[in-house]
Amino acid sequence: MLSESGHKPSITSDQITPVSKAVKNFSDLRKAAKEKPQYLSVHDRIDSVLLDFKEYIRLHQELEYYRELCWKLEITNRVSELDAAPEKLLSLREVVGEQAYARILAMDPDEIADNELFDEE
């Protein structure tokens, strides 16, 4: 994983704990993870990371933000490509075929209420 600068995260030796030692000192590791991530090693290789939950939530939200941003960028790029070459456009009928297109047209758009389409958060 790369940091904002494009490099691997900086890990100091005080952040690395062998799993065998972590089991005995888990409370101390949890406290240390409030300050900075703690890395658990197995056979001298980092195996797991212990993060403060607030930091995990922040990272998760940031990841979701960038996933959505990439998705929007992909859509924008595709639209731009089609604007530049409209001859590449295909109709839905051409993409899905006659039978599937007929089934789509026969669907009742009110079969599922709008508020049932999405999970509530």
# chains A, B, ... in the order shown; residues from 1 in each chain; ligands from 1
>>> residues_around(residues="segment 103-116 of chain A", least_positions_apart="5", cutoff="10 Å", atoms="only C-alpha atoms", output="number ranges by chain")
A: 92-93, 96, 98
>>> select_by_dssp(residues="chain A", states="alpha helix (DSSP H)", output="number ranges by chain")
A: 19-24, 26-33, 53-84, 92-96, 98-106
>>> residues_around(residues="Gln38 of chain A", least_positions_apart="2", cutoff="10 Å", atoms="only C-alpha atoms", output="compact mmCIF listing (two decimals) with N, CA, C and O atoms, in the first residue's frame")
# COMPACT_ATOMS: atom_id res chain seq x y z
N ILE A 11 7.37 2.55 8.74
CA ILE A 11 7.15 1.69 9.90
C ILE A 11 8.41 1.66 10.73
O ILE A 11 9.49 1.38 10.22
N THR A 12 8.28 1.98 12.00
CA THR A 12 9.43 1.93 12.89
C THR A 12 9.41 0.63 13.67
O THR A 12 8.36 -0.01 13.83
N SER A 13 10.55 0.22 14.18
CA SER A 13 10.66 -1.06 14.87
C SER A 13 9.76 -1.13 16.10
O SER A 13 9.30 -2.22 16.47
N ASP A 14 9.48 0.01 16.74
CA ASP A 14 8.61 -0.02 17.93
C ASP A 14 7.15 -0.28 17.58
O ASP A 14 6.33 -0.50 18.45
N GLN A 15 6.83 -0.29 16.28
CA GLN A 15 5.47 -0.57 15.84
C GLN A 15 5.28 -2.04 15.48
O GLN A 15 4.18 -2.46 15.20
N ILE A 16 6.35 -2.81 15.46
CA ILE A 16 6.29 -4.21 15.05
C ILE A 16 6.39 -5.11 16.29
O ILE A 16 7.33 -4.97 17.08
N THR A 17 5.42 -6.02 16.42
CA THR A 17 5.40 -6.94 17.55
C THR A 17 5.14 -8.34 17.03
O THR A 17 4.18 -8.56 16.27
N LEU A 29 -0.82 -3.08 23.18
CA LEU A 29 -0.86 -2.85 21.73
C LEU A 29 -2.08 -2.00 21.35
O LEU A 29 -1.98 -1.11 20.50
N ARG A 30 -3.22 -2.29 21.96
CA ARG A 30 -4.43 -1.50 21.69
C ARG A 30 -4.20 -0.03 22.03
O ARG A 30 -4.60 0.86 21.29
N LYS A 31 -3.55 0.21 23.16
CA LYS A 31 -3.27 1.59 23.57
C LYS A 31 -2.30 2.25 22.58
O LYS A 31 -2.49 3.40 22.19
N ALA A 32 -1.29 1.53 22.16
CA ALA A 32 -0.31 2.07 21.22
C ALA A 32 -0.96 2.35 19.86
O ALA A 32 -0.59 3.31 19.17
N ALA A 33 -1.95 1.53 19.48
CA ALA A 33 -2.63 1.71 18.19
C ALA A 33 -3.46 2.99 18.17
O ALA A 33 -3.80 3.49 17.09
N LYS A 34 -3.78 3.54 19.31
CA LYS A 34 -4.50 4.82 19.37
C LYS A 34 -3.60 5.94 18.84
O LYS A 34 -4.09 6.94 18.31
N GLU A 35 -2.30 5.78 18.98
CA GLU A 35 -1.33 6.79 18.53
C GLU A 35 -0.87 6.57 17.09
O GLU A 35 -0.76 7.50 16.32
N LYS A 36 -0.55 5.32 16.77
CA LYS A 36 -0.10 4.98 15.41
C LYS A 36 -0.32 3.49 15.18
O LYS A 36 -0.36 2.72 16.14
N LEU A 40 1.75 -6.60 13.43
CA LEU A 40 2.02 -7.90 14.04
C LEU A 40 2.79 -8.75 13.05
O LEU A 40 2.42 -8.84 11.88
N SER A 41 3.85 -9.35 13.54
CA SER A 41 4.70 -10.14 12.63
C SER A 41 4.62 -11.62 12.97
O SER A 41 4.39 -12.01 14.11
N SER A 48 -0.25 -8.63 10.06
CA SER A 48 -1.50 -7.93 10.36
C SER A 48 -1.21 -6.54 10.88
O SER A 48 -0.11 -6.25 11.33
N VAL A 49 -2.25 -5.70 10.83
CA VAL A 49 -2.13 -4.33 11.32
C VAL A 49 -3.25 -4.08 12.33
O VAL A 49 -4.40 -4.41 12.07
N LEU A 50 -2.89 -3.47 13.43
CA LEU A 50 -3.86 -3.09 14.45
C LEU A 50 -4.02 -1.58 14.39
O LEU A 50 -3.05 -0.84 14.54
N LEU A 51 -5.27 -1.14 14.11
CA LEU A 51 -5.56 0.30 13.97
C LEU A 51 -6.57 0.73 15.01
O LEU A 51 -7.45 -0.05 15.40
N ASP A 52 -6.50 1.99 15.39
CA ASP A 52 -7.56 2.58 16.17
C ASP A 52 -8.82 2.59 15.30
O ASP A 52 -8.75 2.82 14.09
>>> closest_residue(among="A:Cys70, A:Pro18, A:His7, A:Tyr65", to="Ile46 of chain A", atoms="only C-alpha atoms")
A:Pro18
>>> atom_distance(atom1="atom CA of Val79 of chain A", atom2="atom CA of Ala100 of chain A")
24.4 Å
>>> select_by_dssp(residues="chain A", states="strand (DSSP E)", output="CSV table (one decimal) with N, CA, C and O atoms, in the first residue's frame")
chain,number,residue,atom,x,y,z
A,16,ILE,N,6.4,-2.8,15.5
A,16,ILE,CA,6.3,-4.2,15.1
A,16,ILE,C,6.4,-5.1,16.3
A,16,ILE,O,7.3,-5.0,17.1
A,17,THR,N,5.4,-6.0,16.4
A,17,THR,CA,5.4,-6.9,17.5
A,17,THR,C,5.1,-8.3,17.0
A,17,THR,O,4.2,-8.6,16.3
A,18,PRO,N,6.0,-9.3,17.4
A,18,PRO,CA,5.7,-10.7,17.1
A,18,PRO,C,4.3,-11.1,17.6
A,18,PRO,O,4.0,-10.7,18.7
A,38,GLN,N,-0.1,-0.4,14.7
A,38,GLN,CA,0.8,-1.4,15.2
A,38,GLN,C,0.8,-2.6,14.3
A,38,GLN,O,-0.3,-3.1,13.8
A,39,TYR,N,2.0,-3.2,14.0
A,39,TYR,CA,2.1,-4.2,13.0
A,39,TYR,C,2.5,-5.5,13.7
A,39,TYR,O,3.4,-5.6,14.6
A,40,LEU,N,1.8,-6.6,13.4
A,40,LEU,CA,2.0,-7.9,14.0
A,40,LEU,C,2.8,-8.7,13.0
A,40,LEU,O,2.4,-8.8,11.9
A,41,SER,N,3.9,-9.4,13.5
A,41,SER,CA,4.7,-10.1,12.6
A,41,SER,C,4.6,-11.6,13.0
A,41,SER,O,4.4,-12.0,14.1
A,42,VAL,N,4.8,-12.4,11.9
A,42,VAL,CA,4.9,-13.9,12.1
A,42,VAL,C,6.1,-14.3,11.3
A,42,VAL,O,6.2,-13.9,10.1
A,45,ARG,N,7.9,-11.5,9.4
A,45,ARG,CA,7.2,-10.8,8.3
A,45,ARG,C,5.9,-10.2,8.8
A,45,ARG,O,5.2,-10.8,9.6
A,46,ILE,N,5.6,-9.0,8.4
A,46,ILE,CA,4.4,-8.3,8.9
A,46,ILE,C,3.2,-9.1,8.3
A,46,ILE,O,3.1,-9.3,7.1
A,47,ASP,N,2.3,-9.4,9.3
A,47,ASP,CA,1.2,-10.3,8.9
A,47,ASP,C,-0.1,-9.5,9.1
A,47,ASP,O,-1.0,-9.7,8.2
A,48,SER,N,-0.2,-8.6,10.1
A,48,SER,CA,-1.5,-7.9,10.4
A,48,SER,C,-1.2,-6.5,10.9
A,48,SER,O,-0.1,-6.3,11.3
A,49,VAL,N,-2.3,-5.7,10.8
A,49,VAL,CA,-2.1,-4.3,11.3
A,49,VAL,C,-3.2,-4.1,12.3
A,49,VAL,O,-4.4,-4.4,12.1
A,50,LEU,N,-2.9,-3.5,13.4
A,50,LEU,CA,-3.9,-3.1,14.4
A,50,LEU,C,-4.0,-1.6,14.4
A,50,LEU,O,-3.1,-0.8,14.5
>>> closest_residue(among="A:Pro86, A:Ser91, A:Pro37, A:His43", to="Ser20 of chain A", atoms="only C-alpha atoms")
A:His43
>>> decode(residues="segment 8-55 of chain A", atoms="N, CA and C atoms", output="CSV table (one decimal), in the first residue's frame")
chain,number,residue,atom,x,y,z
A,8,LYS,N,5.7,3.4,0.3
A,8,LYS,CA,5.1,2.5,1.3
A,8,LYS,C,5.1,3.3,2.7
A,9,PRO,N,4.2,2.9,3.6
A,9,PRO,CA,4.1,3.6,4.9
A,9,PRO,C,5.4,3.4,5.6
A,10,SER,N,5.8,4.4,6.4
A,10,SER,CA,7.0,4.4,7.2
A,10,SER,C,6.6,3.6,8.5
A,11,ILE,N,7.4,2.5,8.7
A,11,ILE,CA,7.1,1.7,9.9
A,11,ILE,C,8.4,1.7,10.7
A,12,THR,N,8.3,2.0,12.0
A,12,THR,CA,9.4,1.9,12.9
A,12,THR,C,9.4,0.6,13.7
A,13,SER,N,10.6,0.2,14.2
A,13,SER,CA,10.7,-1.1,14.9
A,13,SER,C,9.8,-1.1,16.1
A,14,ASP,N,9.5,0.0,16.7
A,14,ASP,CA,8.6,0.0,17.9
A,14,ASP,C,7.2,-0.3,17.6
A,15,GLN,N,6.8,-0.3,16.3
A,15,GLN,CA,5.5,-0.6,15.8
A,15,GLN,C,5.3,-2.0,15.5
A,16,ILE,N,6.4,-2.8,15.5
A,16,ILE,CA,6.3,-4.2,15.1
A,16,ILE,C,6.4,-5.1,16.3
A,17,THR,N,5.4,-6.0,16.4
A,17,THR,CA,5.4,-6.9,17.5
A,17,THR,C,5.1,-8.3,17.0
A,18,PRO,N,6.0,-9.3,17.4
A,18,PRO,CA,5.7,-10.7,17.1
A,18,PRO,C,4.3,-11.1,17.6
A,19,VAL,N,3.6,-11.9,16.9
A,19,VAL,CA,2.3,-12.3,17.3
A,19,VAL,C,2.3,-13.0,18.7
A,20,SER,N,3.4,-13.8,18.9
A,20,SER,CA,3.5,-14.5,20.2
A,20,SER,C,3.6,-13.6,21.4
A,21,LYS,N,4.2,-12.4,21.2
A,21,LYS,CA,4.3,-11.4,22.2
A,21,LYS,C,3.0,-10.6,22.3
A,22,ALA,N,2.4,-10.4,21.1
A,22,ALA,CA,1.2,-9.6,21.1
A,22,ALA,C,0.0,-10.2,21.9
A,23,VAL,N,0.0,-11.5,21.9
A,23,VAL,CA,-1.0,-12.3,22.7
A,23,VAL,C,-0.9,-11.9,24.1
A,24,LYS,N,0.3,-11.8,24.6
A,24,LYS,CA,0.5,-11.5,26.0
A,24,LYS,C,0.3,-10.0,26.4
A,25,ASN,N,0.5,-9.2,25.4
A,25,ASN,CA,0.5,-7.7,25.7
A,25,ASN,C,-0.6,-7.0,24.8
A,26,PHE,N,-1.7,-7.6,24.6
A,26,PHE,CA,-2.7,-7.1,23.7
A,26,PHE,C,-3.2,-5.7,24.2
A,27,SER,N,-3.4,-5.6,25.4
A,27,SER,CA,-3.9,-4.3,26.0
A,27,SER,C,-3.0,-3.2,25.7
A,28,ASP,N,-1.7,-3.4,25.8
A,28,ASP,CA,-0.6,-2.4,25.5
A,28,ASP,C,-0.7,-2.1,24.0
A,29,LEU,N,-0.8,-3.1,23.2
A,29,LEU,CA,-0.9,-2.8,21.7
A,29,LEU,C,-2.1,-2.0,21.4
A,30,ARG,N,-3.2,-2.3,22.0
A,30,ARG,CA,-4.4,-1.5,21.7
A,30,ARG,C,-4.2,0.0,22.0
A,31,LYS,N,-3.6,0.2,23.2
A,31,LYS,CA,-3.3,1.6,23.6
A,31,LYS,C,-2.3,2.3,22.6
A,32,ALA,N,-1.3,1.5,22.2
A,32,ALA,CA,-0.3,2.1,21.2
A,32,ALA,C,-1.0,2.4,19.9
A,33,ALA,N,-2.0,1.5,19.5
A,33,ALA,CA,-2.6,1.7,18.2
A,33,ALA,C,-3.5,3.0,18.2
A,34,LYS,N,-3.8,3.5,19.3
A,34,LYS,CA,-4.5,4.8,19.4
A,34,LYS,C,-3.6,5.9,18.8
A,35,GLU,N,-2.3,5.8,19.0
A,35,GLU,CA,-1.3,6.8,18.5
A,35,GLU,C,-0.9,6.6,17.1
A,36,LYS,N,-0.5,5.3,16.8
A,36,LYS,CA,-0.1,5.0,15.4
A,36,LYS,C,-0.3,3.5,15.2
A,37,PRO,N,-0.5,3.1,13.9
A,37,PRO,CA,-0.7,1.7,13.6
A,37,PRO,C,0.3,0.7,14.2
A,38,GLN,N,-0.1,-0.4,14.7
A,38,GLN,CA,0.8,-1.4,15.2
A,38,GLN,C,0.8,-2.6,14.3
A,39,TYR,N,2.0,-3.2,14.0
A,39,TYR,CA,2.1,-4.2,13.0
A,39,TYR,C,2.5,-5.5,13.7
A,40,LEU,N,1.8,-6.6,13.4
A,40,LEU,CA,2.0,-7.9,14.0
A,40,LEU,C,2.8,-8.7,13.0
A,41,SER,N,3.9,-9.4,13.5
A,41,SER,CA,4.7,-10.1,12.6
A,41,SER,C,4.6,-11.6,13.0
A,42,VAL,N,4.8,-12.4,11.9
A,42,VAL,CA,4.9,-13.9,12.1
A,42,VAL,C,6.1,-14.3,11.3
A,43,HIS,N,7.1,-14.9,11.9
A,43,HIS,CA,8.3,-15.3,11.3
A,43,HIS,C,9.0,-14.1,10.6
A,44,ASP,N,9.1,-13.1,11.4
A,44,ASP,CA,9.8,-11.8,10.9
A,44,ASP,C,9.2,-11.2,9.7
A,45,ARG,N,7.9,-11.5,9.4
A,45,ARG,CA,7.2,-10.8,8.3
A,45,ARG,C,5.9,-10.2,8.8
A,46,ILE,N,5.6,-9.0,8.4
A,46,ILE,CA,4.4,-8.3,8.9
A,46,ILE,C,3.2,-9.1,8.3
A,47,ASP,N,2.3,-9.4,9.3
A,47,ASP,CA,1.2,-10.3,8.9
A,47,ASP,C,-0.1,-9.5,9.1
A,48,SER,N,-0.2,-8.6,10.1
A,48,SER,CA,-1.5,-7.9,10.4
A,48,SER,C,-1.2,-6.5,10.9
A,49,VAL,N,-2.3,-5.7,10.8
A,49,VAL,CA,-2.1,-4.3,11.3
A,49,VAL,C,-3.2,-4.1,12.3
A,50,LEU,N,-2.9,-3.5,13.4
A,50,LEU,CA,-3.9,-3.1,14.4
A,50,LEU,C,-4.0,-1.6,14.4
A,51,LEU,N,-5.3,-1.1,14.1
A,51,LEU,CA,-5.6,0.3,14.0
A,51,LEU,C,-6.6,0.7,15.0
A,52,ASP,N,-6.5,2.0,15.4
A,52,ASP,CA,-7.6,2.6,16.2
A,52,ASP,C,-8.8,2.6,15.3
A,53,PHE,N,-10.0,2.3,15.9
A,53,PHE,CA,-11.2,2.2,15.1
A,53,PHE,C,-11.5,3.5,14.4
A,54,LYS,N,-11.3,4.7,15.0
A,54,LYS,CA,-11.5,6.0,14.4
A,54,LYS,C,-10.6,6.1,13.1
A,55,GLU,N,-9.4,5.6,13.2
A,55,GLU,CA,-8.5,5.7,12.0
A,55,GLU,C,-9.0,4.7,10.9
